[in-house]
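Written out below as structure tokens is the structure these notes cover.
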Amino acid sequence: MIIIGEKINGSIPSMAKAIAEQDADHIRKLAKRQADAGAAFIDVCASVSPDKELETLQWLIGLVQEVTDTPLSLDSPNAKVFAQAMKFCKKPGLINSVSMEGDKIEQVFPLIADTTWECVTLLCDDTGIPRSSEQRIGVFGEILKKAEAYKIDPGRLYVDPVVEMLASSEDGIAKIIETVKEVKRLCPEVHVTSGASNISFQLPLRKFINRSFIVLCMGAGMDSAIIDPSNEDMLGLIYAAEALLGRDEMCMEYIGAFRQGLFGEAR
């Protein structure tokens with residue numbers, strides 16, 4: 001499972017406070033904790049006003065890179081920001097994210113075409129979030145065409161099926177499961193990723209919904225998640241699910257993670 005550490009995000013109240021107060025030590029500690037817990041990427045999202053976003057991203061990127069060489073996931077709703085923010089990174093990482101809305105892909109894909117940068121792609125377009133799995137797969141097809149046009153290998157794409165909250169869903173996560181399965185059937189080399197938090201909005205004890213969601217999606221083929229890698233309960237479930245799904249030969253990754261103290265009694 002490719003884990004994208006989610007904690008350095010200004011939309012989280014504690015992180016917004018740290019950014020506002022320029023609490024560099026707090027940010028460094030969060031970065032190191034996520035890296036030590038095995039994150040493949042560390043997401044960095046300023047979530048501040050547009051006029052301050054690039055400056056804040058540069059500051060955050062610098063702090064993270066002081067304590068870890070884990071690649072970064074640059075997270076912004078503004079595609080224009082990526083061109084500048086990429087320059088602050090010591091190594092290629094992940095762009096989070098583009099979609100078929102407007103000209104986002106046309107701005108970002110040329111930037112990463114001749115690099116090893118990877119990219120999260122959301123299955124939405126100018127009509128918004130498609131209501132059916134079939135429509136989302138249609139968006140996926142268009143994204144693949146764009147990737148082919150820019151000679152971007154599908155293995156560099158992380159497809160996000162776009163998760164909506166369970167409390168207002170008519171069919172649970174059936175639509176998401178169907179989308180994940182079809183994406184992997186059509187193009188096995190792409191990655192599928194998602195955050196866990198959106199699914200549980202407005203529900204009590206959200207952690208149980210979040211953990212169940214990740215495990216069910218893994219069963220459908222999801223191989224990446226945007227989570228807190230230092231959450232040992234979630235991490236333990238992920239390693240266990242990998243083993244149960246036959247993706248961990250002789251359970252060696254599960255055993256190794258336990259021995260490292262990433263989850264369980266050894267922590």
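By order in the structure tokens, chains are A, B, ...; within a chain, residues start at 1; ligands start at 1, following the order shown.
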So which residues touch A:Lys91 within 10 Å, counting only C-alpha atoms, skipping near sequence neighbours fewer than 5 positions away, as a PyMOL selection string? chain A and resi 65+69-72+86+116-117
Could you write those residues out with C-alpha atoms, as a compact mmCIF listing (two decimals), in the first residue's frame?
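Dumped to selection-v5.txt:
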# COMPACT_ATOMS: atom_id res chain seq x y z
CA GLN A 65 12.83 18.66 3.69
CA ASP A 69 14.02 13.02 2.20
CA THR A 70 10.61 11.38 1.69
CA PRO A 71 9.12 12.72 -1.58
CA LEU A 72 6.41 15.35 -1.26
CA MET A 86 7.90 22.00 -7.92
CA THR A 116 9.40 11.26 -13.05
CA TRP A 117 6.79 13.28 -11.15
Could you list, as a list in words, every residue within 8 Å of A:Ser200, counting only C-alpha atoms and ignoring same-chain residues fewer than 6 positions away?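 Non-adjacent residues within range: Met165, Leu166, Ala167, Arg206, Ile209 and Asn210 of chain A.
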Env of A:Val120: 7 Å cut, atoms = only C-alpha atoms, seq-sep filter 5 positions within chain, self excluded. Answer as a VMD selection string. chain A and resid 95 to 98 157 to 160
Neighbours of A:Gly261 within 12 Å (only C-alpha atoms; same-chain residues fewer than 3 positions away dropped), as a PDB file with N, CA and C atoms, in the first residue's frame?
ATOM      1  N   ASP A  36       8.783   8.444   9.419  1.00  0.00           N
ATOM      2  CA  ASP A  36       9.214   7.302  10.223  1.00  0.00           C
ATOM      3  C   ASP A  36       8.176   6.186  10.225  1.00  0.00           C
ATOM      4  N   ALA A  37       6.897   6.555  10.036  1.00  0.00           N
ATOM      5  CA  ALA A  37       5.819   5.560  10.017  1.00  0.00           C
ATOM      6  C   ALA A  37       5.671   4.889   8.655  1.00  0.00           C
ATOM      7  N   GLY A  38       6.491   5.303   7.685  1.00  0.00           N
ATOM      8  CA  GLY A  38       6.510   4.613   6.402  1.00  0.00           C
ATOM      9  C   GLY A  38       5.773   5.281   5.267  1.00  0.00           C
ATOM     10  N   SER A 230       0.851   7.530  11.003  1.00  0.00           N
ATOM     11  CA  SER A 230       1.203   7.269  12.393  1.00  0.00           C
ATOM     12  C   SER A 230       0.008   6.752  13.200  1.00  0.00           C
ATOM     13  N   ASN A 231      -1.149   6.608  12.549  1.00  0.00           N
ATOM     14  CA  ASN A 231      -2.320   6.003  13.197  1.00  0.00           C
ATOM     15  C   ASN A 231      -2.137   4.491  13.184  1.00  0.00           C
ATOM     16  N   GLU A 232      -1.679   3.918  14.283  1.00  0.00           N
ATOM     17  CA  GLU A 232      -1.287   2.519  14.282  1.00  0.00           C
ATOM     18  C   GLU A 232      -2.469   1.576  14.068  1.00  0.00           C
ATOM     19  N   ASP A 233      -3.666   1.967  14.481  1.00  0.00           N
ATOM     20  CA  ASP A 233      -4.823   1.098  14.247  1.00  0.00           C
ATOM     21  C   ASP A 233      -5.128   0.990  12.757  1.00  0.00           C
ATOM     22  N   LEU A 235      -2.987   1.610  10.330  1.00  0.00           N
ATOM     23  CA  LEU A 235      -1.851   0.977   9.675  1.00  0.00           C
ATOM     24  C   LEU A 235      -1.871  -0.541   9.868  1.00  0.00           C
ATOM     25  N   GLY A 236      -2.226  -0.970  11.071  1.00  0.00           N
ATOM     26  CA  GLY A 236      -2.315  -2.405  11.324  1.00  0.00           C
ATOM     27  C   GLY A 236      -3.351  -3.075  10.444  1.00  0.00           C
ATOM     28  N   TYR A 254       3.826  -7.676   6.850  1.00  0.00           N
ATOM     29  CA  TYR A 254       3.061  -7.574   8.095  1.00  0.00           C
ATOM     30  C   TYR A 254       3.972  -7.813   9.297  1.00  0.00           C
ATOM     31  N   ILE A 255       4.746  -8.878   9.226  1.00  0.00           N
ATOM     32  CA  ILE A 255       5.646  -9.230  10.334  1.00  0.00           C
ATOM     33  C   ILE A 255       6.702  -8.140  10.514  1.00  0.00           C
ATOM     34  N   GLY A 256       7.259  -7.666   9.400  1.00  0.00           N
ATOM     35  CA  GLY A 256       8.290  -6.639   9.471  1.00  0.00           C
ATOM     36  C   GLY A 256       7.777  -5.343  10.075  1.00  0.00           C
ATOM     37  N   ALA A 257       6.566  -4.931   9.684  1.00  0.00           N
ATOM     38  CA  ALA A 257       5.995  -3.699  10.225  1.00  0.00           C
ATOM     39  C   ALA A 257       5.737  -3.828  11.720  1.00  0.00           C
ATOM     40  N   PHE A 258       5.284  -5.005  12.135  1.00  0.00           N
ATOM     41  CA  PHE A 258       5.061  -5.239  13.563  1.00  0.00           C
ATOM     42  C   PHE A 258       6.373  -5.150  14.335  1.00  0.00           C
ATOM     43  N   GLY A 264       0.633  -2.178  16.939  1.00  0.00           N
ATOM     44  CA  GLY A 264       0.580  -3.287  17.889  1.00  0.00           C
ATOM     45  C   GLY A 264       1.405  -3.073  19.139  1.00  0.00           C
ATOM     46  N   GLU A 265       1.614  -4.146  19.883  1.00  0.00           N
ATOM     47  CA  GLU A 265       2.229  -4.084  21.201  1.00  0.00           C
ATOM     48  C   GLU A 265       3.662  -3.604  21.162  1.00  0.00           C
ATOM     49  N   ALA A 266       4.339  -3.816  20.033  1.00  0.00           N
ATOM     50  CA  ALA A 266       5.757  -3.446  19.951  1.00  0.00           C
ATOM     51  C   ALA A 266       5.954  -1.938  19.859  1.00  0.00           C
ATOM     52  N   ARG A 267       4.872  -1.204  19.605  1.00  0.00           N
ATOM     53  CA  ARG A 267       4.997   0.255  19.417  1.00  0.00           C
ATOM     54  C   ARG A 267       5.247   0.939  20.745  1.00  0.00           C
TER      55      ARG A 267
END
Please provide the set of residues having any atom within 12 Å of stretch 129-134 of chain A, restricted to only C-alpha atoms, with same-chain residues fewer than 4 positions apart removed, written as a ChimeraX atom specification. /A:99-101,122-125,138-141,160-164,169-171,173-183
Of the candidates A:Phe201, A:Phe88, A:Phe41, A:Phe82, which shows the shortest atom-to-atom distance to A:Thr68, using only C-alpha atoms?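 Closest residue, counting only C-alpha atoms: A:Phe41.
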Can you list, as a count of residues only, every protein, DNA or RNA residue that comes within 9 Å of stretch 15-18 of chain A when you count only C-alpha atoms, leaving out same-chain residues fewer than 6 positions away? 9
Enumerate, as a PDB file with C-alpha atoms, in the first residue's frame, the complete set of residues in stretch 34-211 of chain A that a backbone-based DSSP assignment places in alpha helix (DSSP H).
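The file below, selection29.pdb, is the result:
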ATOM      1  CA  GLN A  34       4.897  10.444   9.080  1.00  0.00           C
ATOM      2  CA  ALA A  35       8.164   9.591   7.361  1.00  0.00           C
ATOM      3  CA  ASP A  36       9.214   7.302  10.223  1.00  0.00           C
ATOM      4  CA  PRO A  50      -4.350  32.548  -2.917  1.00  0.00           C
ATOM      5  CA  ASP A  51      -2.025  35.533  -2.443  1.00  0.00           C
ATOM      6  CA  LYS A  52      -0.170  33.701   0.354  1.00  0.00           C
ATOM      7  CA  GLU A  53      -0.307  30.136  -0.949  1.00  0.00           C
ATOM      8  CA  LEU A  54       2.982  29.901  -2.841  1.00  0.00           C
ATOM      9  CA  GLU A  55       4.975  31.616  -0.087  1.00  0.00           C
ATOM     10  CA  THR A  56       3.424  29.327   2.529  1.00  0.00           C
ATOM     11  CA  LEU A  57       4.048  26.224   0.434  1.00  0.00           C
ATOM     12  CA  GLN A  58       7.700  27.174   0.026  1.00  0.00           C
ATOM     13  CA  TRP A  59       8.030  27.539   3.806  1.00  0.00           C
ATOM     14  CA  LEU A  60       6.292  24.213   4.492  1.00  0.00           C
ATOM     15  CA  ILE A  61       8.309  22.363   1.857  1.00  0.00           C
ATOM     16  CA  GLY A  62      11.533  23.699   3.331  1.00  0.00           C
ATOM     17  CA  LEU A  63      10.586  22.565   6.849  1.00  0.00           C
ATOM     18  CA  VAL A  64       9.639  19.064   5.711  1.00  0.00           C
ATOM     19  CA  GLN A  65      12.831  18.662   3.695  1.00  0.00           C
ATOM     20  CA  GLU A  66      14.911  19.655   6.729  1.00  0.00           C
ATOM     21  CA  VAL A  67      13.916  16.448   8.519  1.00  0.00           C
ATOM     22  CA  ALA A  79      -2.992  24.207 -11.004  1.00  0.00           C
ATOM     23  CA  LYS A  80      -0.864  27.299 -11.670  1.00  0.00           C
ATOM     24  CA  VAL A  81       0.826  26.933  -8.274  1.00  0.00           C
ATOM     25  CA  PHE A  82       2.451  23.604  -9.144  1.00  0.00           C
ATOM     26  CA  ALA A  83       4.877  25.031 -11.706  1.00  0.00           C
ATOM     27  CA  GLN A  84       6.528  27.195  -9.038  1.00  0.00           C
ATOM     28  CA  ALA A  85       6.154  24.844  -6.071  1.00  0.00           C
ATOM     29  CA  LYS A 104      -6.083  21.729 -15.157  1.00  0.00           C
ATOM     30  CA  ILE A 105      -4.609  18.770 -16.998  1.00  0.00           C
ATOM     31  CA  GLU A 106      -3.389  20.996 -19.823  1.00  0.00           C
ATOM     32  CA  GLN A 107      -1.504  23.068 -17.261  1.00  0.00           C
ATOM     33  CA  VAL A 108      -0.006  20.203 -15.243  1.00  0.00           C
ATOM     34  CA  PHE A 109       0.651  17.306 -17.643  1.00  0.00           C
ATOM     35  CA  PRO A 110       3.133  19.328 -19.755  1.00  0.00           C
ATOM     36  CA  LEU A 111       5.036  20.169 -16.532  1.00  0.00           C
ATOM     37  CA  ILE A 112       5.530  16.529 -15.582  1.00  0.00           C
ATOM     38  CA  SER A 133     -19.722   4.699 -11.925  1.00  0.00           C
ATOM     39  CA  GLU A 134     -20.109   4.542 -15.717  1.00  0.00           C
ATOM     40  CA  GLN A 135     -19.747   8.315 -15.984  1.00  0.00           C
ATOM     41  CA  ARG A 136     -16.655   8.286 -13.773  1.00  0.00           C
ATOM     42  CA  ILE A 137     -15.109   5.591 -15.948  1.00  0.00           C
ATOM     43  CA  GLY A 138     -15.841   7.834 -18.928  1.00  0.00           C
ATOM     44  CA  VAL A 139     -13.809  10.600 -17.256  1.00  0.00           C
ATOM     45  CA  PHE A 140     -11.041   8.078 -16.575  1.00  0.00           C
ATOM     46  CA  GLY A 141     -10.931   7.264 -20.276  1.00  0.00           C
ATOM     47  CA  GLU A 142     -10.450  10.937 -21.119  1.00  0.00           C
ATOM     48  CA  ILE A 143      -7.652  11.236 -18.558  1.00  0.00           C
ATOM     49  CA  LEU A 144      -5.883   8.241 -20.090  1.00  0.00           C
ATOM     50  CA  LYS A 145      -6.107   9.872 -23.527  1.00  0.00           C
ATOM     51  CA  LYS A 146      -4.494  13.023 -22.149  1.00  0.00           C
ATOM     52  CA  ALA A 147      -1.756  10.985 -20.484  1.00  0.00           C
ATOM     53  CA  GLU A 148      -1.058   9.174 -23.739  1.00  0.00           C
ATOM     54  CA  ALA A 149      -0.902  12.478 -25.627  1.00  0.00           C
ATOM     55  CA  ALA A 174     -21.106   0.466  -4.110  1.00  0.00           C
ATOM     56  CA  LYS A 175     -20.415   3.139  -6.732  1.00  0.00           C
ATOM     57  CA  ILE A 176     -16.851   3.614  -5.485  1.00  0.00           C
ATOM     58  CA  ILE A 177     -16.162  -0.133  -5.352  1.00  0.00           C
ATOM     59  CA  GLU A 178     -17.484  -0.581  -8.892  1.00  0.00           C
ATOM     60  CA  THR A 179     -15.361   2.334 -10.127  1.00  0.00           C
ATOM     61  CA  VAL A 180     -12.174   1.055  -8.477  1.00  0.00           C
ATOM     62  CA  LYS A 181     -12.656  -2.432  -9.904  1.00  0.00           C
ATOM     63  CA  GLU A 182     -13.287  -1.133 -13.415  1.00  0.00           C
ATOM     64  CA  VAL A 183     -10.324   1.273 -13.326  1.00  0.00           C
ATOM     65  CA  LYS A 184      -7.997  -1.587 -12.384  1.00  0.00           C
ATOM     66  CA  ARG A 185      -9.568  -3.884 -14.983  1.00  0.00           C
ATOM     67  CA  LEU A 186      -9.129  -1.357 -17.768  1.00  0.00           C
ATOM     68  CA  ARG A 206     -15.816   8.243  12.336  1.00  0.00           C
ATOM     69  CA  LYS A 207     -12.699   6.119  12.790  1.00  0.00           C
ATOM     70  CA  PHE A 208     -14.682   2.905  12.341  1.00  0.00           C
ATOM     71  CA  ILE A 209     -16.213   4.099   9.071  1.00  0.00           C
ATOM     72  CA  ASN A 210     -12.831   5.315   7.807  1.00  0.00           C
ATOM     73  CA  ARG A 211     -11.029   2.066   8.577  1.00  0.00           C
TER      74      ARG A 211
END
Show which residues sit within 9 Å of A:Ala243, as a list in words. Count only C-alpha atoms, and ignore same-chain residues fewer than 5 positions away. Ile238, Asp248, Glu249, Met250, Cys251, Met252, Glu253 and Tyr254 of chain A
Output of the above residues as a compact mmCIF listing (two decimals), in the first residue's frame, restricted to C-alpha atoms:
# COMPACT_ATOMS: atom_id res chain seq x y z
CA ILE A 238 -3.83 -2.03 6.13
CA ASP A 248 2.20 -9.85 1.06
CA GLU A 249 4.20 -12.99 0.36
CA MET A 250 4.47 -15.17 3.47
CA CYS A 251 3.14 -12.16 5.46
CA MET A 252 6.66 -10.76 5.57
CA GLU A 253 5.58 -7.10 5.29
CA TYR A 254 3.06 -7.57 8.10
